[in-house]
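Enquirer: TSV, C-alpha atoms, file input-v5.tsv:
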chain	number	residue	atom	x	y	z
A	11	MET	CA	-26.57	-16.34	33.00
A	12	PRO	CA	-25.98	-14.14	29.98
A	13	SER	CA	-24.07	-15.86	27.23
A	14	VAL	CA	-20.76	-14.33	26.26
A	15	ALA	CA	-19.88	-14.08	22.60
A	16	TYR	CA	-16.24	-14.99	22.04
A	17	GLU	CA	-16.42	-14.36	18.35
A	18	LEU	CA	-14.50	-11.31	17.15
A	19	SER	CA	-15.79	-9.03	14.45
A	20	HIS	CA	-13.72	-9.16	11.28
A	21	ILE	CA	-12.08	-5.81	12.12
A	22	ARG	CA	-11.04	-7.10	15.55
A	23	THR	CA	-9.75	-10.30	13.94
A	24	LEU	CA	-7.56	-8.23	11.64
A	25	GLU	CA	-6.38	-6.15	14.57
A	26	ALA	CA	-5.52	-9.27	16.58
A	27	GLU	CA	-3.54	-10.63	13.62
A	28	ALA	CA	-1.57	-7.38	13.32
A	29	VAL	CA	-0.88	-7.28	17.07
A	30	HIS	CA	0.45	-10.84	16.88
A	31	ILE	CA	2.76	-9.88	14.01
A	32	PHE	CA	4.13	-6.85	15.88
A	33	ARG	CA	4.88	-8.91	18.98
A	34	GLU	CA	6.40	-11.72	16.94
A	35	VAL	CA	8.81	-9.27	15.30
A	36	ALA	CA	9.65	-7.49	18.56
A	37	ALA	CA	10.47	-10.87	20.09
A	38	THR	CA	12.57	-12.30	17.27
A	39	PHE	CA	14.39	-9.38	15.61
A	40	GLU	CA	17.10	-7.10	16.95
A	41	ARG	CA	16.45	-3.79	15.21
A	42	PRO	CA	12.95	-3.35	13.83
A	43	VAL	CA	11.70	-0.05	12.45
A	44	LEU	CA	8.26	1.09	11.37
A	45	LEU	CA	7.88	3.08	8.16
A	46	PHE	CA	5.73	6.10	8.87
A	47	SER	CA	4.70	8.49	6.14
A	48	GLY	CA	1.67	10.15	7.74
A	49	GLY	CA	-0.57	8.31	5.29
A	50	LYS	CA	-3.65	6.50	6.62
A	51	ASP	CA	-2.16	3.00	6.45
A	52	SER	CA	0.95	3.96	8.39
A	53	VAL	CA	-1.13	5.90	10.93
A	54	VAL	CA	-3.33	2.84	11.52
A	55	MET	CA	-0.22	0.63	11.65
A	56	LEU	CA	1.36	2.87	14.28
A	57	HIS	CA	-1.89	2.91	16.26
A	58	VAL	CA	-2.07	-0.91	16.33
A	59	ALA	CA	1.65	-1.11	17.19
A	60	ALA	CA	1.15	1.23	20.15
A	61	LYS	CA	-1.75	-0.94	21.32
A	62	ALA	CA	0.32	-4.12	20.94
A	63	PHE	CA	2.84	-2.98	23.56
A	64	TRP	CA	0.67	-0.71	25.70
A	65	PRO	CA	1.35	0.48	28.41
A	66	ALA	CA	5.03	0.06	27.52
A	67	PRO	CA	6.38	2.50	24.93
A	68	LEU	CA	6.93	1.35	21.37
A	69	PRO	CA	10.09	-0.82	21.37
A	70	PHE	CA	11.30	0.47	18.00
A	71	PRO	CA	11.69	3.80	16.17
A	72	VAL	CA	9.76	5.01	13.14
A	73	MET	CA	11.33	6.07	9.86
A	74	HIS	CA	10.01	8.52	7.29
A	75	VAL	CA	11.35	8.46	3.76
A	76	ASP	CA	10.93	12.12	2.92
A	77	THR	CA	10.78	13.01	-0.77
A	78	GLY	CA	10.78	16.70	0.12
A	79	HIS	CA	7.63	16.93	-1.99
A	80	ASN	CA	5.11	16.45	0.78
A	81	LEU	CA	2.13	18.66	1.34
A	82	PRO	CA	2.80	20.71	4.52
A	83	GLU	CA	-0.20	19.25	6.38
A	84	VAL	CA	1.44	15.83	6.28
A	85	ILE	CA	4.75	16.88	7.81
A	86	GLU	CA	2.99	18.84	10.54
A	87	PHE	CA	0.83	15.80	11.29
A	88	ARG	CA	3.86	13.48	11.33
A	89	ASP	CA	5.75	15.59	13.87
A	90	ARG	CA	2.72	16.00	16.10
A	91	THR	CA	1.95	12.25	16.09
A	92	VAL	CA	5.52	11.24	16.82
A	93	GLU	CA	5.67	13.65	19.73
A	94	ARG	CA	2.33	12.49	21.14
A	95	LEU	CA	3.44	8.86	21.18
A	96	GLY	CA	6.97	9.68	22.34
A	97	VAL	CA	8.66	7.57	19.65
A	98	ARG	CA	12.00	8.25	17.98
A	99	LEU	CA	11.72	9.50	14.40
A	100	VAL	CA	14.40	8.78	11.80
A	101	VAL	CA	14.08	10.85	8.63
A	102	ALA	CA	15.75	9.53	5.48
A	103	SER	CA	15.71	12.37	2.99
A	104	VAL	CA	15.68	11.94	-0.77
A	105	GLN	CA	17.19	15.44	-1.04
A	106	ASP	CA	20.36	14.17	0.72
A	107	ASP	CA	20.79	11.48	-1.92
A	108	ILE	CA	20.26	13.97	-4.72
A	109	ASP	CA	22.80	16.37	-3.17
A	110	ALA	CA	25.32	13.57	-2.74
A	111	GLY	CA	24.86	12.52	-6.36
A	112	ARG	CA	23.65	9.02	-5.53
A	113	VAL	CA	20.50	9.56	-7.57
A	114	ALA	CA	19.66	11.89	-10.43
A	115	GLU	CA	16.44	13.81	-10.25
A	116	GLU	CA	14.01	13.31	-13.11
A	117	THR	CA	13.55	16.34	-15.28
A	118	GLY	CA	10.61	17.73	-17.18
A	119	PRO	CA	7.23	18.99	-16.02
A	120	LYS	CA	6.05	15.54	-14.95
A	121	ALA	CA	9.18	14.73	-12.91
A	122	SER	CA	8.55	12.78	-9.73
A	123	ARG	CA	10.76	11.65	-6.87
A	124	ASN	CA	8.68	8.55	-6.31
A	125	ARG	CA	11.15	6.09	-7.77
A	126	LEU	CA	14.15	7.76	-6.09
A	127	GLN	CA	12.71	6.87	-2.71
A	128	THR	CA	13.92	3.30	-3.08
A	129	VAL	CA	17.59	4.36	-2.86
A	130	THR	CA	16.90	6.53	0.18
A	131	LEU	CA	14.88	3.81	1.89
A	132	LEU	CA	17.59	1.21	1.37
A	133	ARG	CA	20.31	3.62	2.54
A	134	GLY	CA	18.29	4.33	5.69
A	135	ILE	CA	17.94	0.61	6.39
A	136	VAL	CA	21.66	-0.07	5.87
A	137	GLU	CA	22.90	2.95	7.84
A	138	GLN	CA	20.76	2.16	10.86
A	139	ARG	CA	21.27	-1.63	10.47
A	140	PHE	CA	17.54	-2.33	10.64
A	141	ASP	CA	16.71	-6.02	10.23
A	142	ALA	CA	12.90	-5.83	10.17
A	143	VAL	CA	11.03	-3.05	8.42
A	144	PHE	CA	7.29	-2.66	8.97
A	145	GLY	CA	5.37	-1.34	5.99
A	146	GLY	CA	1.69	-0.46	5.72
A	147	ALA	CA	1.16	-2.09	2.31
A	148	ARG	CA	-2.07	-4.00	1.84
A	149	ARG	CA	-2.89	-6.84	-0.56
A	150	ASP	CA	-5.97	-5.07	-1.85
A	151	GLU	CA	-3.93	-2.13	-3.14
A	152	GLU	CA	-2.16	-3.67	-6.09
A	153	LYS	CA	-1.67	-7.01	-7.81
A	154	ALA	CA	2.03	-7.39	-6.92
A	155	ARG	CA	1.37	-6.48	-3.32
A	156	ALA	CA	-1.42	-9.07	-3.28
A	157	LYS	CA	1.16	-11.83	-3.64
A	158	GLU	CA	3.81	-10.62	-1.24
A	159	ARG	CA	4.22	-12.47	2.05
A	160	VAL	CA	3.56	-10.89	5.45
A	161	PHE	CA	7.24	-11.60	6.22
A	162	SER	CA	8.90	-10.72	2.95
A	163	PHE	CA	12.56	-11.56	2.55
A	164	ARG	CA	14.90	-8.97	0.98
A	165	ASP	CA	18.43	-9.86	-0.08
A	166	GLU	CA	21.55	-7.82	0.71
A	167	PHE	CA	20.61	-5.39	-2.07
A	168	GLY	CA	17.11	-4.94	-0.69
A	169	GLN	CA	15.58	-6.75	-3.64
A	170	TRP	CA	12.36	-8.75	-3.62
A	171	ASP	CA	12.21	-11.89	-5.75
A	172	PRO	CA	8.58	-12.75	-6.48
A	173	LYS	CA	9.59	-16.13	-7.92
A	174	ASN	CA	11.39	-17.18	-4.77
A	175	GLN	CA	9.09	-16.45	-1.88
A	176	ARG	CA	8.97	-18.47	1.28
A	177	PRO	CA	5.94	-20.54	2.17
A	178	GLU	CA	3.85	-18.89	4.85
A	179	LEU	CA	1.37	-21.18	6.56
A	180	TRP	CA	-1.36	-19.78	8.78
A	181	ASN	CA	0.31	-17.51	11.31
A	182	LEU	CA	3.75	-19.14	11.22
A	183	TYR	CA	6.25	-16.53	10.10
A	184	ASN	CA	9.80	-17.22	8.99
A	185	GLY	CA	12.13	-14.34	9.80
A	186	ALA	CA	15.43	-16.16	9.13
A	187	HIS	CA	18.00	-13.93	7.44
A	188	ARG	CA	21.73	-13.30	7.39
A	189	LYS	CA	23.55	-10.12	8.25
A	190	GLY	CA	22.90	-7.44	5.63
A	191	GLU	CA	19.62	-8.98	4.53
A	192	HIS	CA	16.35	-7.88	6.02
A	193	ILE	CA	12.68	-8.75	6.25
A	194	ARG	CA	9.87	-6.43	5.24
A	195	VAL	CA	6.89	-7.02	7.47
A	196	PHE	CA	3.34	-6.10	6.44
A	197	PRO	CA	0.99	-6.37	9.43
A	198	LEU	CA	-1.94	-4.87	7.50
A	199	SER	CA	-1.60	-7.24	4.52
A	200	ASN	CA	-5.12	-8.58	4.81
A	201	TRP	CA	-6.90	-5.28	5.42
A	202	THR	CA	-8.86	-3.49	2.71
A	203	GLU	CA	-9.30	0.24	2.24
A	204	LEU	CA	-12.76	-0.10	3.79
A	205	ASP	CA	-11.36	-1.99	6.81
A	206	ILE	CA	-8.86	0.82	7.38
A	207	TRP	CA	-11.62	3.43	7.36
A	208	GLN	CA	-13.92	1.35	9.52
A	209	TYR	CA	-11.08	1.01	12.03
A	210	VAL	CA	-10.32	4.74	11.90
A	211	LEU	CA	-13.98	5.37	12.67
A	212	ASP	CA	-14.23	2.76	15.47
A	213	GLU	CA	-11.04	3.84	17.19
A	214	GLY	CA	-11.40	7.57	16.60
A	215	ILE	CA	-7.93	7.76	15.01
A	216	GLU	CA	-6.79	11.19	13.86
A	217	LEU	CA	-5.66	11.46	10.23
A	218	PRO	CA	-4.16	14.37	8.27
A	219	SER	CA	-6.93	16.79	7.27
A	220	LEU	CA	-6.18	16.03	3.59
A	221	TYR	CA	-8.18	12.82	3.87
A	222	TYR	CA	-11.40	14.76	4.40
A	223	ALA	CA	-13.25	17.03	2.01
A	224	HIS	CA	-11.77	20.52	1.72
A	225	ARG	CA	-11.54	23.30	-0.87
A	226	ARG	CA	-8.36	23.15	-2.95
A	227	GLU	CA	-6.96	24.43	-6.22
A	228	VAL	CA	-6.60	21.50	-8.59
A	229	PHE	CA	-5.99	20.73	-12.24
A	230	GLU	CA	-6.58	17.66	-14.37
A	231	ARG	CA	-3.75	15.54	-15.81
A	232	ASP	CA	-4.05	12.05	-17.34
A	233	GLY	CA	-7.55	11.71	-15.90
A	234	MET	CA	-6.38	12.50	-12.37
A	235	LEU	CA	-6.93	15.60	-10.25
A	236	LEU	CA	-3.59	16.92	-9.03
A	237	ALA	CA	-3.32	19.55	-6.30
A	238	LEU	CA	-1.64	22.80	-7.17
A	239	SER	CA	1.62	22.91	-5.16
A	240	PRO	CA	5.12	24.32	-5.58
A	241	PHE	CA	6.30	20.85	-6.68
A	242	VAL	CA	4.24	20.54	-9.84
A	243	THR	CA	4.34	22.56	-13.05
A	244	VAL	CA	1.06	23.31	-14.76
A	245	LEU	CA	1.37	22.60	-18.48
A	246	ASP	CA	-0.25	24.56	-21.29
A	247	GLY	CA	-3.87	23.61	-21.69
A	248	GLU	CA	-4.24	22.46	-18.11
A	249	GLU	CA	-6.76	24.61	-16.34
A	250	VAL	CA	-6.51	25.32	-12.62
A	251	TYR	CA	-9.80	25.53	-10.75
A	252	GLU	CA	-11.07	25.25	-7.19
A	253	ALA	CA	-13.00	22.16	-6.13
A	254	THR	CA	-14.10	20.29	-3.03
A	255	VAL	CA	-11.80	17.30	-2.87
A	256	ARG	CA	-10.21	14.77	-0.58
A	257	PHE	CA	-7.20	12.47	-0.94
A	258	ARG	CA	-7.66	8.69	-0.97
A	259	THR	CA	-3.93	8.09	-0.75
A	260	ILE	CA	-1.11	10.38	0.31
A	261	GLY	CA	2.27	10.19	-1.28
A	262	ASP	CA	4.62	12.39	-3.22
A	263	ALA	CA	2.63	15.47	-4.29
A	264	THR	CA	3.77	15.00	-7.88
A	265	CYS	CA	2.07	11.65	-8.39
A	266	THR	CA	-0.82	11.56	-5.91
A	267	GLY	CA	-4.17	12.78	-7.11
A	268	CYS	CA	-7.28	13.67	-5.17
A	269	VAL	CA	-10.93	12.86	-5.81
A	270	GLU	CA	-13.93	15.15	-5.77
A	271	SER	CA	-15.80	14.37	-2.59
A	272	LEU	CA	-18.02	15.89	0.06
A	273	ALA	CA	-17.07	13.34	2.74
A	274	ALA	CA	-16.01	15.54	5.65
A	275	ASP	CA	-15.67	12.93	8.41
A	276	ALA	CA	-14.79	9.24	8.84
A	277	ASP	CA	-18.46	8.25	8.81
A	278	ALA	CA	-18.99	9.80	5.41
A	279	VAL	CA	-15.74	8.37	4.05
A	280	VAL	CA	-16.73	4.83	5.09
A	281	ALA	CA	-19.99	5.25	3.16
A	282	GLU	CA	-18.14	6.66	0.17
A	283	VAL	CA	-15.47	3.94	0.07
A	284	ALA	CA	-18.09	1.18	0.43
A	285	ALA	CA	-19.86	2.46	-2.68
A	286	SER	CA	-16.73	3.15	-4.74
A	287	ARG	CA	-16.28	1.35	-8.06
A	288	LEU	CA	-12.62	2.35	-8.41
A	289	THR	CA	-9.63	1.10	-6.40
A	290	GLU	CA	-7.76	3.78	-4.46
A	291	ARG	CA	-4.57	3.45	-6.48
A	292	GLY	CA	-6.42	3.22	-9.78
A	293	ALA	CA	-8.16	6.47	-8.99
A	294	THR	CA	-5.28	8.49	-7.63
A	295	ARG	CA	-1.80	7.14	-8.25
A	296	ALA	CA	0.27	8.03	-11.28
A	297	ASP	CA	3.24	5.97	-10.03
A	298	ASP	CA	1.36	2.73	-10.78
A	299	ARG	CA	0.68	3.75	-14.35
A	300	ILE	CA	4.28	3.65	-15.55
A	301	SER	CA	3.66	0.18	-16.92
A	302	GLU	CA	1.47	-2.86	-16.45
A	303	ALA	CA	3.82	-4.17	-13.76
A	304	GLY	CA	4.92	-0.78	-12.38
A	305	MET	CA	4.61	-1.84	-8.77
A	306	GLU	CA	6.21	-5.25	-9.25
A	307	ASP	CA	9.24	-3.73	-10.94
A	308	ARG	CA	9.69	-1.12	-8.22
A	309	LYS	CA	9.24	-3.71	-5.51
A	310	LYS	CA	11.98	-5.85	-7.06
A	311	GLU	CA	14.30	-2.86	-6.74
A	312	GLY	CA	13.46	-2.55	-3.06
A	313	TYR	CA	10.49	-0.18	-3.03
A	314	PHE	CA	8.04	-0.24	-0.11
B	9	MET	CA	-20.82	-9.06	5.83
B	10	PRO	CA	-21.79	-11.97	3.58
B	11	GLU	CA	-20.70	-15.39	4.80
B	12	LEU	CA	-17.19	-16.42	3.82
B	13	LEU	CA	-17.08	-18.88	0.95
B	14	ARG	CA	-14.08	-21.20	0.66
B	15	LEU	CA	-13.56	-22.59	-2.79
B	16	ALA	CA	-11.06	-25.08	-4.21
B	17	THR	CA	-10.49	-25.89	-7.87
B	18	ALA	CA	-8.72	-28.93	-9.22
B	19	GLY	CA	-7.80	-29.66	-12.79
B	20	SER	CA	-5.03	-30.20	-15.27
B	21	VAL	CA	-2.81	-27.50	-16.75
B	22	ASP	CA	-4.78	-25.06	-18.94
B	23	ASP	CA	-8.13	-26.50	-17.89
B	24	GLY	CA	-9.27	-23.03	-16.84
B	25	LYS	CA	-8.97	-23.03	-13.04
B	26	SER	CA	-7.85	-19.40	-12.87
B	27	THR	CA	-10.33	-18.34	-15.53
B	28	LEU	CA	-13.13	-19.94	-13.49
B	29	ILE	CA	-12.08	-18.02	-10.38
B	30	GLY	CA	-11.78	-14.82	-12.40
B	31	ARG	CA	-15.26	-15.39	-13.81
B	32	LEU	CA	-16.68	-15.99	-10.33
B	33	LEU	CA	-15.10	-12.74	-9.13
B	34	TYR	CA	-16.57	-10.99	-12.14
B	35	ASP	CA	-20.05	-12.47	-11.79
B	36	SER	CA	-20.16	-11.75	-8.05
B	37	LYS	CA	-19.28	-8.10	-8.82
B	38	SER	CA	-16.11	-8.27	-6.74
B	39	ILE	CA	-14.09	-6.50	-9.42
B	40	PHE	CA	-13.50	-2.77	-9.43
B	41	ALA	CA	-14.11	-0.85	-12.64
B	42	ASP	CA	-10.47	0.17	-13.11
B	43	GLN	CA	-9.27	-3.41	-12.48
B	44	LEU	CA	-11.55	-4.78	-15.16
B	45	GLU	CA	-10.44	-2.02	-17.49
B	46	ALA	CA	-6.78	-2.92	-16.89
B	47	VAL	CA	-7.50	-6.59	-17.60
B	48	GLU	CA	-9.40	-5.70	-20.78
B	49	ARG	CA	-6.53	-3.50	-21.95
B	50	THR	CA	-3.91	-6.14	-21.22
B	51	SER	CA	-5.99	-8.81	-22.99
B	52	ARG	CA	-6.19	-6.61	-26.09
B	53	GLU	CA	-2.47	-5.89	-26.01
B	54	ARG	CA	-1.63	-9.57	-25.69
B	55	GLY	CA	-3.80	-10.30	-28.71
B	56	ASP	CA	-6.42	-12.35	-26.89
B	57	GLU	CA	-9.76	-12.37	-28.69
B	58	TYR	CA	-11.68	-12.19	-25.42
B	59	THR	CA	-11.19	-10.56	-22.02
B	60	ASN	CA	-8.90	-12.99	-20.25
B	61	LEU	CA	-10.32	-13.15	-16.72
B	62	ALA	CA	-7.43	-15.36	-15.59
B	63	LEU	CA	-5.39	-12.15	-15.56
B	64	LEU	CA	-7.29	-11.19	-12.40
B	65	THR	CA	-5.48	-13.87	-10.42
B	66	ASP	CA	-2.28	-13.92	-12.48
B	67	GLY	CA	-0.83	-10.49	-11.82
B	68	LEU	CA	2.92	-11.07	-11.66
B	69	ARG	CA	5.11	-10.81	-14.75
B	70	ALA	CA	6.23	-14.43	-14.50
B	71	GLU	CA	2.64	-15.60	-14.22
B	72	ARG	CA	1.48	-13.66	-17.25
B	73	GLU	CA	4.43	-14.71	-19.39
B	74	GLN	CA	3.92	-18.39	-18.69
B	75	GLY	CA	0.14	-18.36	-18.35
B	76	ILE	CA	0.26	-19.97	-14.93
B	77	THR	CA	-0.75	-19.07	-11.39
B	78	ILE	CA	2.16	-19.15	-8.94
B	79	ASP	CA	0.45	-17.59	-5.95
B	80	VAL	CA	-3.26	-17.43	-5.35
B	81	ALA	CA	-4.25	-13.88	-4.51
B	82	TYR	CA	-5.74	-11.15	-6.59
B	83	ARG	CA	-6.12	-7.42	-7.11
Will you turn the file into structure tokens for me?

Expert:
Amino acid sequence: MPSVAYELSHIRTLEAEAVHIFREVAATFERPVLLFSGGKDSVVMLHVAAKAFWPAPLPFPVMHVDTGHNLPEVIEFRDRTVERLGVRLVVASVQDDIDAGRVAEETGPKASRNRLQTVTLLRGIVEQRFDAVFGGARRDEEKARAKERVFSFRDEFGQWDPKNQRPELWNLYNGAHRKGEHIRVFPLSNWTELDIWQYVLDEGIELPSLYYAHRREVFERDGMLLALSPFVTVLDGEEVYEATVRFRTIGDATCTGCVESLAADADAVVAEVAASRLTERGATRADDRISEAGMEDRKKEGYF
Amino acid sequence: MPELLRLATAGSVDDGKSTLIGRLLYDSKSIFADQLEAVERTSRERGDEYTNLALLTDGLRAEREQGITIDVAYR
């Protein structure tokens, strides 16, 4: 009789953990929502969520916090994906908050709407009375994210208190909260960038074309390659040139850089990421460079 | 994948438990270039005479201010 291996590969173990988290939340919360930006982590998160409830449809909507500064490929991809899966999309727009005077837009050539997203995100959560909010953050991204729980409690102002986090033993998750408070849930906490790409490859998941090598007009700023787009102003002394690049992360076009790469498919990206000596956020995110604890400070305010 | 290694440290306050873990991460080449650079920069700014590898595990503000590890995780 052939022996059957019951041991899961580490990717399948991570997937099983995420599936468990999705089902746990669906069973114990009233109004969950999944944050979907069209970035690779949220695409993988949505894919695992769909698998967790298959063949039933997803039992919660997805929300996109739209800075209005997205590259067009991302929005097109978002709409197509949402339609394919038949899920409800809620868009919380930063522009609405700017128009209503709730936030003031940064000025100057390096202005970014990154930080403003927090207000829009929290407004979206309050307006729709969401009590559990899935995010695609991973521990390997950043040192503050490394220490956040899978079930992360947020008070009535949406704030995270790193000094007062709940114990989280094994796979026992504590979702207790009062009205007005909510829990951020991170099913992909334990994945790494390489795991994400390996999973994309194994499952044949479609990602926005930006993640693969393409020709694009770019310019260098603070050691990062920024894409030329209507949302950024090229300063004096910054030279625009065409290069073969891909994005390692996708966010607001004003603070997300790309890297020079020839990796045109998931196979090549897996090989590239495995050999990389730089973290994805270190290589391509200006929003983490505000200060030494840039992410921690934003997370305390209620950021993703 | 290399086999998973589980490691526990025990010791008194300021004995160097975090520094040991940081050094193991460093020696096993588990640290990315930009991470190490950030730790080197922070060490210099804090006035440490050496690269403080404990900063690899102590990433939160409260941890760095007090020189303690509150949660064990790194990046």

Enquirer: Hey, list the chain B side of the contact with chain A: 7 Å cut-off, all atoms listed in the file, answer as a list in words.

Expert: Phe40, Ala41, Asp42, Gly67, Leu68, Arg69, Asp79, Ala81, Tyr82 and Arg83 of chain B

Enquirer: Around all of region 248-267 of chain A's listed atoms, make the axis-aligned box with 3 Å on each side and tell me centre and edge lengths in Å to one decimal, as AutoDock Vina command-line options.

Expert:
--center_x -4.7 --center_y 16.8 --center_z -8.9 --size_x 24.7 --size_y 23.4 --size_z 24.4

Enquirer: Grab the CA of Asp205 (chain A) to CA of Val143 (chain A) distance for me, in Å with one decimal place.

Expert: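 If I compute the distance from CA of Asp205 (chain A) to CA of Val143 (chain A), I get 22.5 Å.
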
Enquirer: Write out as a VMD selection string the residues lying within 9 Å of region 70-78 of chain B, counting only C-alpha atoms and excluding same-chain residues fewer than 5 positions away.

Expert: (chain A and resid 172 to 173) or (chain B and resid 21 to 22 26 62 to 63 65)

Enquirer: What is the CA of Tyr34 (chain B) to CA of Thr59 (chain B) distance in Å?

Expert: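 Spanning CA of Tyr34 (chain B) to CA of Thr59 (chain B) is a straight-line distance of 11.3 Å.
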
Enquirer: Would you mind putting back N, CA and C atoms on region 24-44 of chain A, then writing it out as a PDB file, keeping the file's coordinate frame?

Expert:
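Final output, saved to out.pdb:
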ATOM      1  N   LEU A  24      -8.693  -8.816  12.351  1.00  0.00           N
ATOM      2  CA  LEU A  24      -7.560  -8.230  11.640  1.00  0.00           C
ATOM      3  C   LEU A  24      -6.612  -7.536  12.609  1.00  0.00           C
ATOM      4  N   GLU A  25      -7.202  -6.845  13.581  1.00  0.00           N
ATOM      5  CA  GLU A  25      -6.380  -6.150  14.570  1.00  0.00           C
ATOM      6  C   GLU A  25      -5.559  -7.154  15.372  1.00  0.00           C
ATOM      7  N   ALA A  26      -6.212  -8.249  15.788  1.00  0.00           N
ATOM      8  CA  ALA A  26      -5.520  -9.270  16.580  1.00  0.00           C
ATOM      9  C   ALA A  26      -4.364  -9.869  15.779  1.00  0.00           C
ATOM     10  N   GLU A  27      -4.590 -10.083  14.484  1.00  0.00           N
ATOM     11  CA  GLU A  27      -3.540 -10.630  13.620  1.00  0.00           C
ATOM     12  C   GLU A  27      -2.350  -9.671  13.564  1.00  0.00           C
ATOM     13  N   ALA A  28      -2.639  -8.371  13.404  1.00  0.00           N
ATOM     14  CA  ALA A  28      -1.570  -7.380  13.320  1.00  0.00           C
ATOM     15  C   ALA A  28      -0.803  -7.290  14.640  1.00  0.00           C
ATOM     16  N   VAL A  29      -1.530  -7.331  15.747  1.00  0.00           N
ATOM     17  CA  VAL A  29      -0.880  -7.280  17.070  1.00  0.00           C
ATOM     18  C   VAL A  29       0.068  -8.464  17.226  1.00  0.00           C
ATOM     19  N   HIS A  30      -0.385  -9.636  16.803  1.00  0.00           N
ATOM     20  CA  HIS A  30       0.450 -10.840  16.880  1.00  0.00           C
ATOM     21  C   HIS A  30       1.739 -10.653  16.070  1.00  0.00           C
ATOM     22  N   ILE A  31       1.600 -10.078  14.886  1.00  0.00           N
ATOM     23  CA  ILE A  31       2.760  -9.880  14.010  1.00  0.00           C
ATOM     24  C   ILE A  31       3.758  -8.909  14.658  1.00  0.00           C
ATOM     25  N   PHE A  32       3.240  -7.811  15.221  1.00  0.00           N
ATOM     26  CA  PHE A  32       4.130  -6.850  15.880  1.00  0.00           C
ATOM     27  C   PHE A  32       4.912  -7.500  17.021  1.00  0.00           C
ATOM     28  N   ARG A  33       4.210  -8.289  17.831  1.00  0.00           N
ATOM     29  CA  ARG A  33       4.880  -8.910  18.980  1.00  0.00           C
ATOM     30  C   ARG A  33       5.872  -9.971  18.534  1.00  0.00           C
ATOM     31  N   GLU A  34       5.505 -10.688  17.488  1.00  0.00           N
ATOM     32  CA  GLU A  34       6.400 -11.720  16.940  1.00  0.00           C
ATOM     33  C   GLU A  34       7.714 -11.084  16.489  1.00  0.00           C
ATOM     34  N   VAL A  35       7.609  -9.948  15.801  1.00  0.00           N
ATOM     35  CA  VAL A  35       8.810  -9.270  15.300  1.00  0.00           C
ATOM     36  C   VAL A  35       9.624  -8.702  16.460  1.00  0.00           C
ATOM     37  N   ALA A  36       8.941  -8.071  17.414  1.00  0.00           N
ATOM     38  CA  ALA A  36       9.650  -7.490  18.560  1.00  0.00           C
ATOM     39  C   ALA A  36      10.408  -8.566  19.317  1.00  0.00           C
ATOM     40  N   ALA A  37       9.852  -9.779  19.329  1.00  0.00           N
ATOM     41  CA  ALA A  37      10.470 -10.870  20.090  1.00  0.00           C
ATOM     42  C   ALA A  37      11.613 -11.523  19.339  1.00  0.00           C
ATOM     43  N   THR A  38      11.597 -11.488  18.010  1.00  0.00           N
ATOM     44  CA  THR A  38      12.570 -12.300  17.270  1.00  0.00           C
ATOM     45  C   THR A  38      13.595 -11.487  16.468  1.00  0.00           C
ATOM     46  N   PHE A  39      13.410 -10.166  16.364  1.00  0.00           N
ATOM     47  CA  PHE A  39      14.390  -9.380  15.610  1.00  0.00           C
ATOM     48  C   PHE A  39      15.144  -8.441  16.554  1.00  0.00           C
ATOM     49  N   GLU A  40      16.300  -7.975  16.105  1.00  0.00           N
ATOM     50  CA  GLU A  40      17.100  -7.100  16.950  1.00  0.00           C
ATOM     51  C   GLU A  40      16.798  -5.627  16.743  1.00  0.00           C
ATOM     52  N   ARG A  41      16.640  -5.214  15.481  1.00  0.00           N
ATOM     53  CA  ARG A  41      16.450  -3.790  15.210  1.00  0.00           C
ATOM     54  C   ARG A  41      15.297  -3.561  14.230  1.00  0.00           C
ATOM     55  N   PRO A  42      14.075  -3.650  14.721  1.00  0.00           N
ATOM     56  CA  PRO A  42      12.950  -3.350  13.830  1.00  0.00           C
ATOM     57  C   PRO A  42      12.758  -1.837  13.684  1.00  0.00           C
ATOM     58  N   VAL A  43      12.075  -1.450  12.641  1.00  0.00           N
ATOM     59  CA  VAL A  43      11.700  -0.050  12.450  1.00  0.00           C
ATOM     60  C   VAL A  43      10.357  -0.035  11.731  1.00  0.00           C
ATOM     61  N   LEU A  44       9.577   0.994  11.997  1.00  0.00           N
ATOM     62  CA  LEU A  44       8.260   1.090  11.370  1.00  0.00           C
ATOM     63  C   LEU A  44       8.273   2.270  10.395  1.00  0.00           C
TER      64      LEU A  44
END
